[in-house]
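The next block holds one structure in the form of structure tokens; read it before the comments.
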Amino acid sequence: RNTVRPAPRQRGMTRSTPDLVESLAIVQRLAIRLSGCFDVTSIGDHVVRILTDELGLRSCSIMLVDSTGERIVNLSGASPTRSKTARRSFRLGEGVAGTAALCGKTIRVDDTLDDLRFLKGAGPIRSLLCFPLFSGGRVIGVLNLSHPEPGFFSIEHESVFSILATMVGHLLMFSRLQGELSDFNRSLEAKVEENTR
């Protein structure tokens with residue numbers, strides 16, 4: 001009787017790529033964690049922290065389109081060079097993140113050494129997955145995932161985490177609107193109080 005044995009696990013292999021079920025479980029955990037969270041920065045920090053820990057990423061960040069509509073600026077980020085990540089910004093169309101924001105399409109880079117859009121200087125990053133964040137049909141930012149191993153991200157990652165990117169985009173825009181509404185109400189209350197006096 002012929003029996004096919006699974007290939008032995010190689011020594012020194014990095015953490016294996018999560019399968020579809022694991023990836024969906026990560027999205028579910030994030031959805032639970034984000035329920036009731038309406039602060040833009042807190043939403044960004046939760047997403048970044050969970051994805052970085054669960055996927056063993058080199059770095060992860062959320063960048064939002066600024067008020068000029070010409071740049072994306074880092075909202076939340078986790079990496080060994082956190083201070084550099086926190087100040088990072090790109091023009092729309094610049095680098096992988098800026099290109100994803102400009103085109104409104106997910107970009108997967110299997111090896112950054114072969115992609116001219118990748119801007120060097122972010123540490124040993126070899127794989128990139130960048131999702132545009134949409135709200136109301138327009139791009140409001142990007143979600144960046146990176147890993148030091150070439151070819152780390154799969155088509156399953158694209159499919160599953162695009163659902164997450166959609167959810168995050170809507171949550172961020174809702175939070176922004178909530179913040180603007182709160183500011184407007186405070187301003188209105190102050191004017192009413194002043195007129196009453």
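Ligands are numbered from 1 in the order shown, chains are lettered A, B, ... in the order of the structure tokens, and residues start at 1 in each chain.
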
Legend entry - Within 12 Å of Met173 of chain A using only C-alpha atoms, minus same-chain residues under 3 positions, as a list in words: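 Final neighbour list, sorted by chain and number: Phe38, Asp39, Val40, Thr41, Ile43, Gly44, Leu64, Val65, Leu133, Phe134, Ser135, Gly136, Gly137, Arg138, Val139, Ile140, Gly141, Thr166, Met167, Val168, Gly169, His170, Arg176, Leu177, Gln178, Gly179 and Glu180 of chain A.
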
Selection file, N, CA, C and O atoms, as a compact mmCIF listing (two decimals), in the first residue's frame:
# COMPACT_ATOMS: atom_id res chain seq x y z
N PHE A 38 -15.29 54.54 18.78
CA PHE A 38 -15.63 55.62 17.85
C PHE A 38 -14.59 56.72 17.81
O PHE A 38 -14.87 57.83 17.40
N ASP A 39 -13.38 56.44 18.25
CA ASP A 39 -12.30 57.42 18.21
C ASP A 39 -11.35 57.01 17.07
O ASP A 39 -10.90 55.87 17.02
N VAL A 40 -11.08 57.92 16.16
CA VAL A 40 -10.28 57.62 14.97
C VAL A 40 -8.93 57.01 15.33
O VAL A 40 -8.53 55.98 14.78
N THR A 41 -8.22 57.61 16.27
CA THR A 41 -6.89 57.11 16.64
C THR A 41 -6.97 55.74 17.29
O THR A 41 -6.16 54.86 17.01
N ILE A 43 -9.26 53.42 16.82
CA ILE A 43 -9.57 52.44 15.78
C ILE A 43 -8.28 52.05 15.05
O ILE A 43 -7.98 50.88 14.86
N GLY A 44 -7.52 53.07 14.63
CA GLY A 44 -6.26 52.81 13.93
C GLY A 44 -5.30 51.99 14.77
O GLY A 44 -4.70 51.03 14.28
N LEU A 64 -4.10 58.33 6.38
CA LEU A 64 -5.32 58.99 5.92
C LEU A 64 -5.00 60.16 5.00
O LEU A 64 -3.97 60.82 5.16
N VAL A 65 -5.88 60.39 4.04
CA VAL A 65 -5.74 61.54 3.14
C VAL A 65 -5.92 62.80 3.98
O VAL A 65 -6.84 62.91 4.78
N LEU A 133 -8.58 52.56 1.63
CA LEU A 133 -9.72 52.61 2.55
C LEU A 133 -10.77 53.53 1.93
O LEU A 133 -10.49 54.69 1.63
N PHE A 134 -11.95 52.97 1.71
CA PHE A 134 -13.03 53.72 1.05
C PHE A 134 -14.11 54.13 2.04
O PHE A 134 -14.36 53.45 3.02
N SER A 135 -14.76 55.22 1.73
CA SER A 135 -16.00 55.60 2.41
C SER A 135 -16.81 56.44 1.44
O SER A 135 -16.30 57.42 0.89
N GLY A 136 -18.03 56.01 1.20
CA GLY A 136 -18.90 56.74 0.26
C GLY A 136 -18.34 56.80 -1.14
O GLY A 136 -18.52 57.79 -1.83
N GLY A 137 -17.60 55.78 -1.55
CA GLY A 137 -17.08 55.73 -2.91
C GLY A 137 -15.79 56.50 -3.14
O GLY A 137 -15.26 56.52 -4.25
N ARG A 138 -15.25 57.12 -2.09
CA ARG A 138 -13.97 57.82 -2.27
C ARG A 138 -12.92 57.27 -1.32
O ARG A 138 -13.24 56.78 -0.23
N VAL A 139 -11.67 57.39 -1.74
CA VAL A 139 -10.56 56.89 -0.93
C VAL A 139 -10.26 57.89 0.18
O VAL A 139 -10.06 59.07 -0.08
N ILE A 140 -10.25 57.40 1.43
CA ILE A 140 -9.94 58.29 2.56
C ILE A 140 -8.57 57.95 3.18
O ILE A 140 -8.10 58.65 4.05
N GLY A 141 -7.95 56.86 2.69
CA GLY A 141 -6.64 56.49 3.23
C GLY A 141 -6.22 55.11 2.74
O GLY A 141 -6.80 54.58 1.78
N THR A 166 -12.57 47.56 4.09
CA THR A 166 -13.87 48.20 3.87
C THR A 166 -14.50 48.59 5.21
O THR A 166 -14.98 49.72 5.38
N MET A 167 -14.45 47.65 6.16
CA MET A 167 -15.02 47.90 7.49
C MET A 167 -14.29 49.06 8.18
O MET A 167 -14.92 49.97 8.74
N VAL A 168 -12.97 49.05 8.12
CA VAL A 168 -12.16 50.09 8.76
C VAL A 168 -12.43 51.46 8.12
O VAL A 168 -12.56 52.47 8.81
N GLY A 169 -12.53 51.50 6.79
CA GLY A 169 -12.81 52.75 6.09
C GLY A 169 -14.11 53.37 6.56
O GLY A 169 -14.17 54.57 6.87
N HIS A 170 -15.17 52.56 6.64
CA HIS A 170 -16.47 53.07 7.08
C HIS A 170 -16.42 53.52 8.54
O HIS A 170 -16.99 54.56 8.90
N ARG A 176 -15.01 60.17 12.25
CA ARG A 176 -14.72 61.57 11.89
C ARG A 176 -15.99 62.41 11.93
O ARG A 176 -16.00 63.51 12.47
N LEU A 177 -17.07 61.87 11.36
CA LEU A 177 -18.34 62.60 11.32
C LEU A 177 -18.88 62.81 12.73
O LEU A 177 -19.41 63.87 13.05
N GLN A 178 -18.74 61.78 13.59
CA GLN A 178 -19.17 61.89 14.98
C GLN A 178 -18.40 63.02 15.69
O GLN A 178 -18.97 63.81 16.43
N GLY A 179 -17.08 63.05 15.44
CA GLY A 179 -16.24 64.09 16.03
C GLY A 179 -16.65 65.48 15.56
O GLY A 179 -16.74 66.42 16.36
N GLU A 180 -16.91 65.60 14.24
CA GLU A 180 -17.31 66.90 13.69
C GLU A 180 -18.67 67.33 14.25
O GLU A 180 -18.89 68.51 14.55

Inset, instruction - Please provide the set of residues having any atom within 8 Å of Leu102 of chain A, restricted to only C-alpha atoms, with same-chain residues fewer than 2 positions apart removed, written as a list in words. - result: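 My list of contacting residues is Leu92, Gly93, Gly98, Thr99, Ala100, Gly104 and Val139 of chain A.
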
Inset, instruction - Find, counting only C-alpha atoms, the residue in A:Ala101, A:Val96, A:Leu113, A:Val73 that gets nearest to Leu129 of chain A. - result: A:Val96

Inset, instruction - Please provide as a list in words all residues within 7 Å of segment 54-62 of chain A, with the sequence filter that same-chain residues fewer than 3 positions apart are discarded (counting only C-alpha atoms). - result: Gly44, Val48, Ile50, Leu51, Asn74, Leu75, Ser76, Gly77, Ala78, Ser79, Ile125, Val142, Leu143, Asn144, Leu145, Ser146, His147 and Pro148 of chain A

Could you write out that same residue set with N, CA and C atoms as a PDB file, in the first residue's frame?
ATOM      1  N   GLY A  44      -7.520  53.071  14.633  1.00  0.00           N
ATOM      2  CA  GLY A  44      -6.255  52.811  13.932  1.00  0.00           C
ATOM      3  C   GLY A  44      -5.297  51.993  14.770  1.00  0.00           C
ATOM      4  N   VAL A  48      -3.904  48.170  13.820  1.00  0.00           N
ATOM      5  CA  VAL A  48      -2.462  48.002  13.638  1.00  0.00           C
ATOM      6  C   VAL A  48      -1.885  46.984  14.623  1.00  0.00           C
ATOM      7  N   ILE A  50      -3.374  44.525  16.409  1.00  0.00           N
ATOM      8  CA  ILE A  50      -3.840  43.150  16.233  1.00  0.00           C
ATOM      9  C   ILE A  50      -3.246  42.521  14.983  1.00  0.00           C
ATOM     10  N   LEU A  51      -3.229  43.241  13.870  1.00  0.00           N
ATOM     11  CA  LEU A  51      -2.669  42.671  12.633  1.00  0.00           C
ATOM     12  C   LEU A  51      -1.173  42.403  12.774  1.00  0.00           C
ATOM     13  N   ASN A  74       0.406  59.404   8.119  1.00  0.00           N
ATOM     14  CA  ASN A  74       0.267  58.291   9.045  1.00  0.00           C
ATOM     15  C   ASN A  74      -0.648  58.639  10.221  1.00  0.00           C
ATOM     16  N   LEU A  75      -1.629  57.774  10.459  1.00  0.00           N
ATOM     17  CA  LEU A  75      -2.517  57.902  11.620  1.00  0.00           C
ATOM     18  C   LEU A  75      -2.030  56.990  12.743  1.00  0.00           C
ATOM     19  N   SER A  76      -1.793  55.721  12.405  1.00  0.00           N
ATOM     20  CA  SER A  76      -1.346  54.725  13.382  1.00  0.00           C
ATOM     21  C   SER A  76      -0.336  53.822  12.704  1.00  0.00           C
ATOM     22  N   GLY A  77       0.679  53.439  13.472  1.00  0.00           N
ATOM     23  CA  GLY A  77       1.676  52.548  12.900  1.00  0.00           C
ATOM     24  C   GLY A  77       2.421  51.787  13.959  1.00  0.00           C
ATOM     25  N   ALA A  78       2.828  50.567  13.616  1.00  0.00           N
ATOM     26  CA  ALA A  78       3.641  49.749  14.522  1.00  0.00           C
ATOM     27  C   ALA A  78       4.807  49.197  13.729  1.00  0.00           C
ATOM     28  N   SER A  79       6.008  49.507  14.189  1.00  0.00           N
ATOM     29  CA  SER A  79       7.218  48.983  13.562  1.00  0.00           C
ATOM     30  C   SER A  79       8.376  49.223  14.513  1.00  0.00           C
ATOM     31  N   ILE A 125      11.980  45.129   4.575  1.00  0.00           N
ATOM     32  CA  ILE A 125      10.642  44.758   4.098  1.00  0.00           C
ATOM     33  C   ILE A 125      10.782  44.133   2.719  1.00  0.00           C
ATOM     34  N   VAL A 142      -5.218  54.541   3.403  1.00  0.00           N
ATOM     35  CA  VAL A 142      -4.718  53.209   3.044  1.00  0.00           C
ATOM     36  C   VAL A 142      -4.351  52.417   4.306  1.00  0.00           C
ATOM     37  N   LEU A 143      -4.444  51.102   4.170  1.00  0.00           N
ATOM     38  CA  LEU A 143      -3.973  50.176   5.199  1.00  0.00           C
ATOM     39  C   LEU A 143      -2.774  49.447   4.610  1.00  0.00           C
ATOM     40  N   ASN A 144      -1.594  49.589   5.254  1.00  0.00           N
ATOM     41  CA  ASN A 144      -0.350  48.976   4.767  1.00  0.00           C
ATOM     42  C   ASN A 144       0.059  47.809   5.657  1.00  0.00           C
ATOM     43  N   LEU A 145       0.333  46.656   5.052  1.00  0.00           N
ATOM     44  CA  LEU A 145       0.881  45.504   5.772  1.00  0.00           C
ATOM     45  C   LEU A 145       2.212  45.150   5.125  1.00  0.00           C
ATOM     46  N   SER A 146       3.234  44.874   5.928  1.00  0.00           N
ATOM     47  CA  SER A 146       4.526  44.487   5.347  1.00  0.00           C
ATOM     48  C   SER A 146       5.171  43.376   6.154  1.00  0.00           C
ATOM     49  N   HIS A 147       6.024  42.596   5.483  1.00  0.00           N
ATOM     50  CA  HIS A 147       6.672  41.435   6.102  1.00  0.00           C
ATOM     51  C   HIS A 147       8.078  41.287   5.517  1.00  0.00           C
ATOM     52  N   PRO A 148       9.043  40.797   6.325  1.00  0.00           N
ATOM     53  CA  PRO A 148      10.415  40.656   5.827  1.00  0.00           C
ATOM     54  C   PRO A 148      10.626  39.478   4.875  1.00  0.00           C
TER      55      PRO A 148
END

Legend entry - Point-to-point distance in Å for atom CA of Gly95 of chain A and atom CA of Pro150 of chain A: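 Between atom CA of Pro150 of chain A and atom CA of Gly95 of chain A the gap is 18.1 Å.
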
Inset, instruction - Quick one: pick out all strand (DSSP E) residues within segment 13-165 of chain A from a backbone DSSP run and write them as a count of residues only. - result: 40

Legend entry - Those of segment 17-82 of chain A in DSSP alpha helix (DSSP H), formatted as an NGL selection string: :A and (20-34 or 40-55 or 82)

Quick one: residues within 6 Å of segment 106-111 of chain A, only C-alpha atoms counted, chain neighbours fewer than 5 positions away excluded, as a PDB file with N, CA, C and O atoms, in the first residue's frame?
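As a result, around.pdb now contains:
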ATOM      1  N   ARG A 126      10.197  42.939   2.550  1.00  0.00           N
ATOM      2  CA  ARG A 126      10.252  42.286   1.243  1.00  0.00           C
ATOM      3  C   ARG A 126       8.865  42.056   0.642  1.00  0.00           C
ATOM      4  O   ARG A 126       8.726  42.003  -0.572  1.00  0.00           O
ATOM      5  N   SER A 127       7.833  41.904   1.486  1.00  0.00           N
ATOM      6  CA  SER A 127       6.461  41.725   0.992  1.00  0.00           C
ATOM      7  C   SER A 127       5.598  42.876   1.470  1.00  0.00           C
ATOM      8  O   SER A 127       5.731  43.330   2.601  1.00  0.00           O
ATOM      9  N   LEU A 128       4.706  43.321   0.595  1.00  0.00           N
ATOM     10  CA  LEU A 128       3.820  44.441   0.933  1.00  0.00           C
ATOM     11  C   LEU A 128       2.406  44.152   0.446  1.00  0.00           C
ATOM     12  O   LEU A 128       2.220  43.569  -0.634  1.00  0.00           O
ATOM     13  N   LEU A 129       1.444  44.555   1.238  1.00  0.00           N
ATOM     14  CA  LEU A 129       0.048  44.467   0.833  1.00  0.00           C
ATOM     15  C   LEU A 129      -0.600  45.773   1.272  1.00  0.00           C
ATOM     16  O   LEU A 129      -0.614  46.107   2.453  1.00  0.00           O
ATOM     17  N   CYS A 130      -1.091  46.529   0.302  1.00  0.00           N
ATOM     18  CA  CYS A 130      -1.611  47.870   0.582  1.00  0.00           C
ATOM     19  C   CYS A 130      -3.045  47.988   0.067  1.00  0.00           C
ATOM     20  O   CYS A 130      -3.305  47.780  -1.120  1.00  0.00           O
ATOM     21  N   PHE A 131      -3.968  48.281   0.988  1.00  0.00           N
ATOM     22  CA  PHE A 131      -5.384  48.398   0.656  1.00  0.00           C
ATOM     23  C   PHE A 131      -5.840  49.850   0.718  1.00  0.00           C
ATOM     24  O   PHE A 131      -5.563  50.541   1.702  1.00  0.00           O
ATOM     25  N   PRO A 150       9.888  37.408   1.447  1.00  0.00           N
ATOM     26  CA  PRO A 150       9.297  37.592   0.108  1.00  0.00           C
ATOM     27  C   PRO A 150       8.114  36.642  -0.092  1.00  0.00           C
ATOM     28  O   PRO A 150       8.124  35.517   0.395  1.00  0.00           O
ATOM     29  N   GLY A 151       7.099  37.095  -0.806  1.00  0.00           N
ATOM     30  CA  GLY A 151       5.953  36.252  -1.131  1.00  0.00           C
ATOM     31  C   GLY A 151       5.105  35.853   0.061  1.00  0.00           C
ATOM     32  O   GLY A 151       4.390  34.853   0.000  1.00  0.00           O
TER      33      GLY A 151
END
